[in-house]
Every structure is written in C-alpha cells, then in structure tokens.
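One file, my_file01.cif, is given below (mmCIF, C-alpha atoms).
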```
data_structure
loop_
_atom_site.label_atom_id
_atom_site.label_comp_id
_atom_site.auth_asym_id
_atom_site.auth_seq_id
_atom_site.Cartn_x
_atom_site.Cartn_y
_atom_site.Cartn_z
CA MET H 739 -108.36 158.47 66.24
CA THR H 740 -112.10 158.32 66.73
CA ASP H 741 -114.19 158.61 69.86
CA ARG H 742 -116.70 156.08 68.55
CA PRO H 743 -116.00 152.43 69.41
CA ARG H 744 -116.14 150.00 66.53
CA LYS H 745 -115.93 146.23 66.23
CA ARG H 746 -113.53 144.91 63.64
CA ALA H 747 -115.02 142.41 61.24
CA GLY H 748 -113.42 138.99 61.32
CA ASN H 749 -112.00 138.94 64.87
CA GLU H 750 -112.90 139.62 68.47
CA ASP H 751 -110.71 142.68 68.96
CA ILE H 752 -112.60 145.85 69.73
CA GLU H 753 -110.91 149.17 69.27
CA ALA H 754 -112.47 152.12 71.08
CA GLY H 755 -110.48 155.20 70.17
CA ALA H 756 -106.94 154.34 71.22
CA ILE H 757 -107.98 151.50 73.55
CA LYS H 758 -107.62 147.99 72.19
CA MET H 759 -109.56 145.17 73.77
CA SER H 760 -108.93 141.45 73.39
CA ARG H 761 -109.69 138.17 75.18
CA PRO H 762 -106.35 136.32 75.35
CA ARG H 763 -107.48 133.70 77.89
CA PRO H 764 -110.78 132.31 79.21
CA GLY H 765 -112.29 134.70 81.71
CA VAL H 766 -109.61 137.33 81.09
CA ALA H 767 -109.79 140.56 79.08
CA LEU H 768 -106.80 142.64 78.06
CA LEU H 769 -107.16 146.40 77.60
CA THR H 770 -104.18 148.04 75.91
CA ILE H 771 -103.59 151.78 75.91
CA ALA H 772 -102.41 152.39 72.36
CA SER H 773 -102.69 156.18 72.12
CA GLU H 774 -99.71 158.09 70.80
CA PRO H 775 -97.40 159.38 72.02
CA LEU H 776 -96.60 157.29 75.10
CA GLY H 777 -100.15 156.33 76.05
CA VAL H 778 -101.30 159.91 76.48
CA LEU H 779 -104.75 160.15 78.07
CA ARG H 780 -106.69 162.66 76.05
CA LEU H 781 -110.32 163.13 77.06
CA ALA H 782 -111.41 160.98 74.11
CA VAL H 783 -109.10 158.18 75.26
CA LYS H 784 -110.52 158.29 78.80
CA ARG H 785 -114.05 158.12 77.42
CA ALA H 786 -113.07 155.20 75.19
CA MET H 787 -111.62 153.34 78.15
CA ARG H 788 -114.80 153.92 80.14
CA HIS H 789 -116.84 152.56 77.22
CA ALA H 790 -114.62 149.48 77.03
CA LEU H 791 -115.01 148.87 80.77
CA THR H 792 -118.78 149.22 80.47
CA MET H 793 -118.81 146.57 77.75
CA LEU H 794 -116.72 144.23 79.90
CA GLU H 795 -119.02 144.79 82.89
CA ALA H 796 -121.93 143.58 80.76
CA ASP H 797 -120.10 140.36 79.83
CA ALA H 798 -120.54 137.84 82.64
CA THR H 799 -117.72 135.69 81.26
CA VAL H 800 -115.16 138.39 82.10
CA ARG H 801 -113.76 137.66 85.56
CA CYS H 802 -110.49 139.64 85.56
CA VAL H 803 -109.00 142.43 83.42
CA VAL H 804 -105.42 143.36 82.63
CA LEU H 805 -104.73 147.00 81.76
CA ALA H 806 -101.46 147.49 79.90
CA GLY H 807 -99.55 150.10 77.97
CA SER H 808 -97.75 149.70 74.69
CA GLY H 809 -94.37 150.73 73.37
CA LYS H 810 -92.28 152.71 75.86
CA ALA H 811 -95.01 153.64 78.33
CA PHE H 812 -97.97 152.49 80.37
CA SER H 813 -99.23 156.08 80.19
CA VAL H 814 -97.70 159.51 80.69
CA GLY H 815 -101.08 160.93 81.71
CA SER H 816 -103.15 163.77 80.32
CA ASP H 817 -102.18 165.63 77.16
CA ILE H 818 -100.87 169.03 78.28
CA LYS H 819 -101.43 170.33 74.74
CA GLU H 820 -105.14 169.65 75.17
CA PHE H 821 -105.46 171.83 78.27
CA LYS H 822 -107.54 174.98 78.07
CA ARG H 823 -107.35 178.00 80.34
CA ASP H 824 -111.06 177.70 80.94
CA GLY H 825 -112.74 176.76 84.22
CA GLY H 826 -115.53 174.82 82.56
CA TRP H 827 -113.15 172.72 80.49
CA LEU H 828 -110.89 172.05 83.48
CA LEU H 829 -113.85 170.91 85.57
CA GLU H 830 -115.04 168.61 82.79
CA ALA H 831 -111.54 167.12 82.48
CA GLU H 832 -111.37 166.58 86.24
CA ARG H 833 -114.77 164.88 86.29
CA GLU H 834 -113.83 162.64 83.36
CA GLU H 835 -110.64 161.47 85.04
CA ASN H 836 -112.40 160.84 88.36
CA ALA H 837 -115.17 158.93 86.58
CA LEU H 838 -112.66 156.64 84.86
CA ASN H 839 -110.67 155.92 88.02
CA ASP H 840 -113.83 155.37 90.07
CA GLN H 841 -115.19 153.01 87.41
CA ILE H 842 -112.07 150.88 87.64
CA GLU H 843 -112.29 150.82 91.43
CA ALA H 844 -116.00 149.94 91.39
CA ALA H 845 -115.78 147.26 88.67
CA ARG H 846 -117.12 143.87 89.75
CA PHE H 847 -113.90 142.25 88.48
CA PRO H 848 -110.32 142.92 89.62
CA VAL H 849 -108.20 145.07 87.32
CA ILE H 850 -104.45 144.42 87.15
CA ALA H 851 -102.20 147.24 85.93
CA ALA H 852 -99.25 145.83 83.95
CA CYS H 853 -96.95 148.86 83.96
CA ASN H 854 -94.30 148.99 81.28
CA GLY H 855 -92.06 152.02 80.81
CA TYR H 856 -93.39 155.33 82.09
CA ALA H 857 -96.39 155.62 84.40
CA LEU H 858 -96.48 159.34 85.10
CA GLY H 859 -99.05 161.91 86.21
CA GLY H 860 -102.53 160.77 85.32
CA GLY H 861 -101.01 157.51 84.07
CA ALA H 862 -99.68 156.79 87.55
CA VAL H 863 -103.07 157.69 89.05
CA LEU H 864 -104.72 155.31 86.60
CA ALA H 865 -102.45 152.55 87.87
CA LEU H 866 -103.28 153.52 91.47
CA ALA H 867 -106.99 153.05 90.69
CA CYS H 868 -106.32 149.44 89.68
CA ASP H 869 -106.53 146.65 92.25
CA ILE H 870 -103.09 145.13 91.69
CA ARG H 871 -100.01 146.67 90.06
CA ILE H 872 -97.07 144.79 88.59
CA ALA H 873 -94.19 146.53 86.87
CA ALA H 874 -91.60 145.83 84.23
CA ALA H 875 -88.05 146.22 85.51
CA SER H 876 -87.64 149.32 83.33
CA ALA H 877 -90.82 151.01 84.59
CA LYS H 878 -90.77 154.51 86.09
CA PHE H 879 -93.45 155.97 88.35
CA GLY H 880 -94.07 159.55 89.35
CA LEU H 881 -96.48 162.42 89.88
CA PRO H 882 -94.47 165.35 88.48
CA GLU H 883 -97.42 167.72 87.93
CA VAL H 884 -96.08 170.19 90.49
CA GLN H 885 -93.16 170.88 88.13
CA VAL H 886 -95.56 172.42 85.58
CA GLY H 887 -97.71 174.32 88.08
CA ALA H 888 -100.34 171.64 88.63
CA PHE H 889 -100.89 168.78 91.07
CA ALA H 890 -102.06 165.17 91.01
CA SER H 891 -105.81 165.64 90.88
CA GLY H 892 -108.25 163.12 89.43
CA SER H 893 -108.10 161.34 92.83
CA GLY H 894 -104.30 161.16 92.74
CA THR H 895 -103.68 162.81 96.12
CA GLN H 896 -106.22 160.58 97.86
CA ARG H 897 -105.24 157.29 96.27
CA LEU H 898 -101.56 157.92 96.90
CA VAL H 899 -101.97 158.73 100.59
CA HIS H 900 -104.18 155.68 101.15
CA LEU H 901 -101.56 153.45 99.56
CA LEU H 902 -98.30 154.98 100.81
CA GLY H 903 -99.19 157.07 103.87
CA ARG H 904 -99.09 160.85 104.34
CA GLY H 905 -95.34 161.44 104.50
CA ARG H 906 -94.33 159.35 101.49
CA ALA H 907 -97.28 160.65 99.46
CA LEU H 908 -96.37 164.28 100.13
CA TYR H 909 -92.72 163.61 99.39
CA LEU H 910 -93.62 162.35 95.92
CA LEU H 911 -96.31 164.98 95.29
CA LEU H 912 -94.22 167.96 96.36
CA THR H 913 -90.93 166.99 94.70
CA GLY H 914 -92.16 165.23 91.57
CA HIS H 915 -89.57 162.53 92.28
CA ILE H 916 -89.58 159.65 89.80
CA LEU H 917 -89.37 156.15 91.24
CA SER H 918 -87.69 153.20 89.60
CA ALA H 919 -89.60 149.92 89.53
CA GLU H 920 -87.62 148.56 92.47
CA GLU H 921 -88.17 151.77 94.45
CA ALA H 922 -91.89 151.54 93.69
CA LYS H 923 -91.92 147.99 95.03
CA ALA H 924 -90.01 149.02 98.15
CA VAL H 925 -92.67 151.62 99.04
CA ARG H 926 -95.46 149.14 98.10
CA LEU H 927 -96.65 151.07 95.10
CA VAL H 928 -96.38 147.86 93.06
CA GLU H 929 -96.67 144.24 94.12
CA GLU H 930 -94.17 142.64 91.73
CA VAL H 931 -91.31 143.65 89.44
CA ILE H 932 -91.00 141.46 86.34
CA ALA H 933 -88.52 141.25 83.47
CA ASP H 934 -89.73 143.50 80.66
CA GLU H 935 -90.15 140.67 78.17
CA THR H 936 -92.38 138.62 80.49
CA LEU H 937 -94.55 141.39 81.98
CA ILE H 938 -97.71 140.70 79.98
CA GLU H 939 -97.35 136.94 80.32
CA ARG H 940 -97.08 137.30 84.11
CA ALA H 941 -100.06 139.66 84.22
CA LEU H 942 -102.17 137.20 82.22
CA GLU H 943 -101.00 134.32 84.42
CA LEU H 944 -102.09 136.23 87.53
CA ALA H 945 -105.40 137.23 85.92
CA THR H 946 -106.06 133.63 84.89
CA ALA H 947 -105.50 132.44 88.45
CA ILE H 948 -107.94 135.04 89.79
CA ALA H 949 -110.48 134.24 87.05
CA ALA H 950 -110.46 130.61 88.22
CA MET H 951 -111.70 131.66 91.67
CA PRO H 952 -115.44 131.93 92.44
CA ALA H 953 -116.61 135.28 91.10
CA SER H 954 -118.85 136.04 94.09
CA ALA H 955 -116.01 135.63 96.59
CA VAL H 956 -113.63 137.69 94.45
CA ALA H 957 -116.16 140.50 94.04
CA ALA H 958 -117.00 140.47 97.75
CA SER H 959 -113.33 140.70 98.72
CA LYS H 960 -112.81 143.70 96.45
CA ARG H 961 -115.98 145.46 97.61
CA CYS H 962 -115.15 145.05 101.30
CA VAL H 963 -111.59 146.31 100.94
CA ASN H 964 -112.73 149.33 98.94
CA MET H 965 -115.54 150.08 101.37
CA GLY H 966 -113.13 150.11 104.30
CA VAL H 967 -110.61 152.29 102.49
CA ARG H 968 -113.22 154.84 101.45
CA TYR H 969 -115.53 154.90 104.45
CA GLY H 970 -113.64 153.37 107.35
CA TRP H 971 -113.47 150.23 109.47
CA ASP H 972 -117.11 150.16 110.59
CA ALA H 973 -118.44 150.49 107.04
CA GLY H 974 -116.10 147.75 105.84
CA ILE H 975 -117.11 145.38 108.65
CA ALA H 976 -120.82 146.07 108.05
CA LEU H 977 -120.46 145.13 104.38
CA GLU H 978 -118.42 142.06 105.32
CA SER H 979 -121.25 140.87 107.56
CA THR H 980 -123.81 141.28 104.80
CA LEU H 981 -121.72 139.65 102.09
CA ALA H 982 -120.53 136.82 104.35
CA VAL H 983 -124.11 135.54 104.45
CA GLU H 984 -124.72 136.15 100.74
CA VAL H 985 -121.51 134.47 99.61
CA GLY H 986 -121.76 131.75 102.25
CA LEU H 987 -125.12 130.65 100.84
CA SER H 988 -123.89 130.58 97.24
CA ASP H 989 -123.57 127.44 95.12
CA ASP H 990 -119.84 128.15 94.75
CA ALA H 991 -119.35 128.12 98.53
CA ALA H 992 -121.13 124.78 98.74
CA GLU H 993 -119.02 123.39 95.91
CA GLY H 994 -115.81 124.67 97.49
CA GLN H 995 -116.64 122.99 100.79
CA ARG H 996 -117.58 119.71 99.10
CA ALA H 997 -114.40 119.73 97.05
CA PHE H 998 -112.28 120.36 100.16
CA ILE H 999 -113.91 117.45 102.03
CA GLU H 1000 -113.67 115.16 99.00
CA LYS H 1001 -110.06 116.23 98.35
CA ARG H 1002 -110.63 117.20 94.74
CA PRO H 1003 -110.33 120.43 92.72
CA PRO H 1004 -113.49 122.56 92.96
CA ARG H 1005 -115.65 123.16 89.89
CA PHE H 1006 -116.88 126.70 90.34
CA SER H 1007 -119.68 128.11 88.18
CA GLY H 1008 -118.54 129.93 85.06
CA CYS H 1009 -115.00 128.52 85.21
#
```
What is this structure when it is put down as structure tokens?
Amino acid sequence: MTDRPRKRAGNEDIEAGAIKMSRPRPGVALLTIASEPLGVLRLAVKRAMRHALTMLEADATVRCVVLAGSGKAFSVGSDIKEFKRDGGWLLEAEREENALNDQIEAARFPVIAACNGYALGGGAVLALACDIRIAAASAKFGLPEVQVGAFASGSGTQRLVHLLGRGRALYLLLTGHILSAEEAKAVRLVEEVIADETLIERALELATAIAAMPASAVAASKRCVNMGVRYGWDAGIALESTLAVEVGLSDDAAEGQRAFIEKRPPRFSGC
C-alpha cells in the first residue's frame, strides 16, 4: 500500500492508497474502502480518503458520492496495531480522524454510506459523518472501544448523541453493544436495510436520484441542516434566510418553476 495517489493508465479508476474511486453513473462517484483486513483505517488510508474527497470536490460534475466497504466489512475502524503510547502520535491520529469526518460533513455534495458487514469503532463514526446511511441486512454496527480501554473519539461521541439522543448514545458507548442492521434502523442509525446482494445497486440508485436534483438546492439543504445541528436553531435559520434568496434567484429555481407550470420534467443545469 502506498500513501501516494496514482491514476491507472487506460481507465478512470483512481486508487489512493487503499481507497478506490470510480464513476459508475453520471454525476455519481463511488469510493470503496479496500484496505485489508476488513477496511481498517490506518492513518495512510484516512489521508488517502481525504485526498480522494478533495479531488471529487474539484470536479463540478460530481453531485453525489457513495462510500462503501468491500468484502466482509464497511470498516472496522482504526488499526490497533498502529497505535503508539505517545501523546504526540495520539493527538495526530485524533486530528486526522476528525479532519476526515469533518471533510465528509462539509462536502458540497451528499455522501451516502453503503454499509456492508461490520461498521465498528472508527468505521461506525465514519458512517455517522455521512449524510445518509443504508445497510446490508448482514451489517453490524457498534462502538466497542470501551472494551479495550478507549472510547469513540474522532467526533464519535458527538455525532452519536446528535443522531440518537443522550440515553441511547451512552448505552452504546458504555456497553460496546453491537447492533444488527434492523436494530440500527429501529434506533434511526440507518435509513434503509437492503438485501446484501443489492446494497450497492440501491446506493447508486439513491445517489443517481439525488444527482438529478439541482446542485444548489441540494447543497443548501445540507448546509442548513449541518449548521443547525452544530450551532443551533438560530444559526440554522439565519443561513436558511441567506441561502433562500441565493437559491431562489438561481437559474435552476427559475427552470424548476417553469417546468412545474408547463407540466414537464425540469432540465436542471449540469444534469
């Protein structure tokens, strides 16, 4: 495995460390965690994923991203064998994980986590950073760090409590309990549970539907939700007010209104 991204001659796949990137559908990018074993997130893998996201941010044709695992896992999180009993290293690792999760949250495009197999520890937190989560029927979710003398850092405690509430978050954090896919759906950790063999197809179908929407409205929706979650109601409403004018004056808004009146499908820019 190498930390340095490289483009393969002869096709559009880009492999950055153990992150594979492809464009399976118009407007949609697929990032696959291919690190062994079980999608382990070594520091080099996290950096490679950040590099891949940066490349996608620079490509205006990318309107939605699917993040998926491979084999038996979405990701089992950080590599415990890589850990060092050194404060400087631990701080660097924490910053790297936060930077990756924040980058996903702040991306202009929605990111869909297609969770197959195990999503544990930092792998579960990675899924939490995504905008939408769908799971294979065989998927398992958990934050078992407490069982090895650690806890779900890298924004794990904060993202979990925002999504599930204080009681449920602490129950999972303090016991290390592993949720089945159906249990994860019941507590609203994931939005859909899909048959294993159709998980990626469903994720791409959902991403394609989102990519067909006007990019400005999609980005505004994501920004406003995230602003409210991070900084509260007033901050979210203030951003809504600003973006409502910006998006309302866009060419896509005008086209959407014309199409509605004329009873025809809209033709949004870039679609």
CA of Gly815 (chain H) to CA of Leu858 (chain H): how many Å, to one decimal? 5.9 Å
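When only C-alpha atoms are used to measure the gap to Phe847 (chain H), the shortest distance among H:Glu984, H:Glu978, H:Asp990, H:Asp869 belongs to H:Asp869.
Atom to atom, CA of Gly765 (chain H) and CA of Arg801 (chain H) stand 5.1 Å apart.
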Nearest residue to Leu805 (chain H) out of H:Arg871, H:Arg833, H:Lys1001, H:Arg785, using only C-alpha atoms? H:Arg871
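Using all atoms listed in the file, the shortest contact distance between Gly861 (chain H) and any of H:Leu898, H:Thr799, H:Leu944, H:Gly777 is found at H:Gly777.
Reported to one decimal place, the separation of CA of Val863 (chain H) from CA of Ala890 (chain H) is 7.8 Å.
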Near Leu776 (chain H), counting all atoms listed in the file, which residues have an atom at most 7 Å away, once you skip same-chain residues fewer than 2 positions from it, shown as a CSV table (one decimal) with C-alpha atoms, keeping the file's coordinate frame?
```csv
chain,number,residue,atom,x,y,z
H,773,SER,CA,-102.7,156.2,72.1
H,774,GLU,CA,-99.7,158.1,70.8
H,778,VAL,CA,-101.3,159.9,76.5
H,810,LYS,CA,-92.3,152.7,75.9
H,811,ALA,CA,-95.0,153.6,78.3
H,813,SER,CA,-99.2,156.1,80.2
H,814,VAL,CA,-97.7,159.5,80.7
```
Contacts of Glu883 (chain H) within 10 Å, only C-alpha atoms, excl. fewer than 6 positions in-chain, as a PyMOL selection string: chain H and resi 815+858-860+889-891+911-914
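Closest to Val956 (chain H) among H:Ala991, H:Leu864, H:Leu828, H:Leu937 is H:Ala991, based on all atoms listed in the file.
Shortest separation to Ser918 (chain H) among H:Lys878, H:Arg761, H:His900, H:Lys784 occurs at residue H:Lys878, atoms counted being all atoms listed in the file.
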Quick check on the file I pasted: which residues fall under the PyMOL selection byres ((chain H and resi 934-936) around 12)? Write them as a list of chain:residue names. H:Ser808, H:Gly809, H:Lys810, H:Ala811, H:Ala852, H:Cys853, H:Asn854, H:Gly855, H:Ile872, H:Ala873, H:Ala874, H:Ala875, H:Ser876, H:Ala877, H:Ala919, H:Glu930, H:Val931, H:Ile932, H:Ala933, H:Leu937, H:Ile938, H:Glu939, H:Arg940, H:Ala941, H:Leu942, H:Glu943
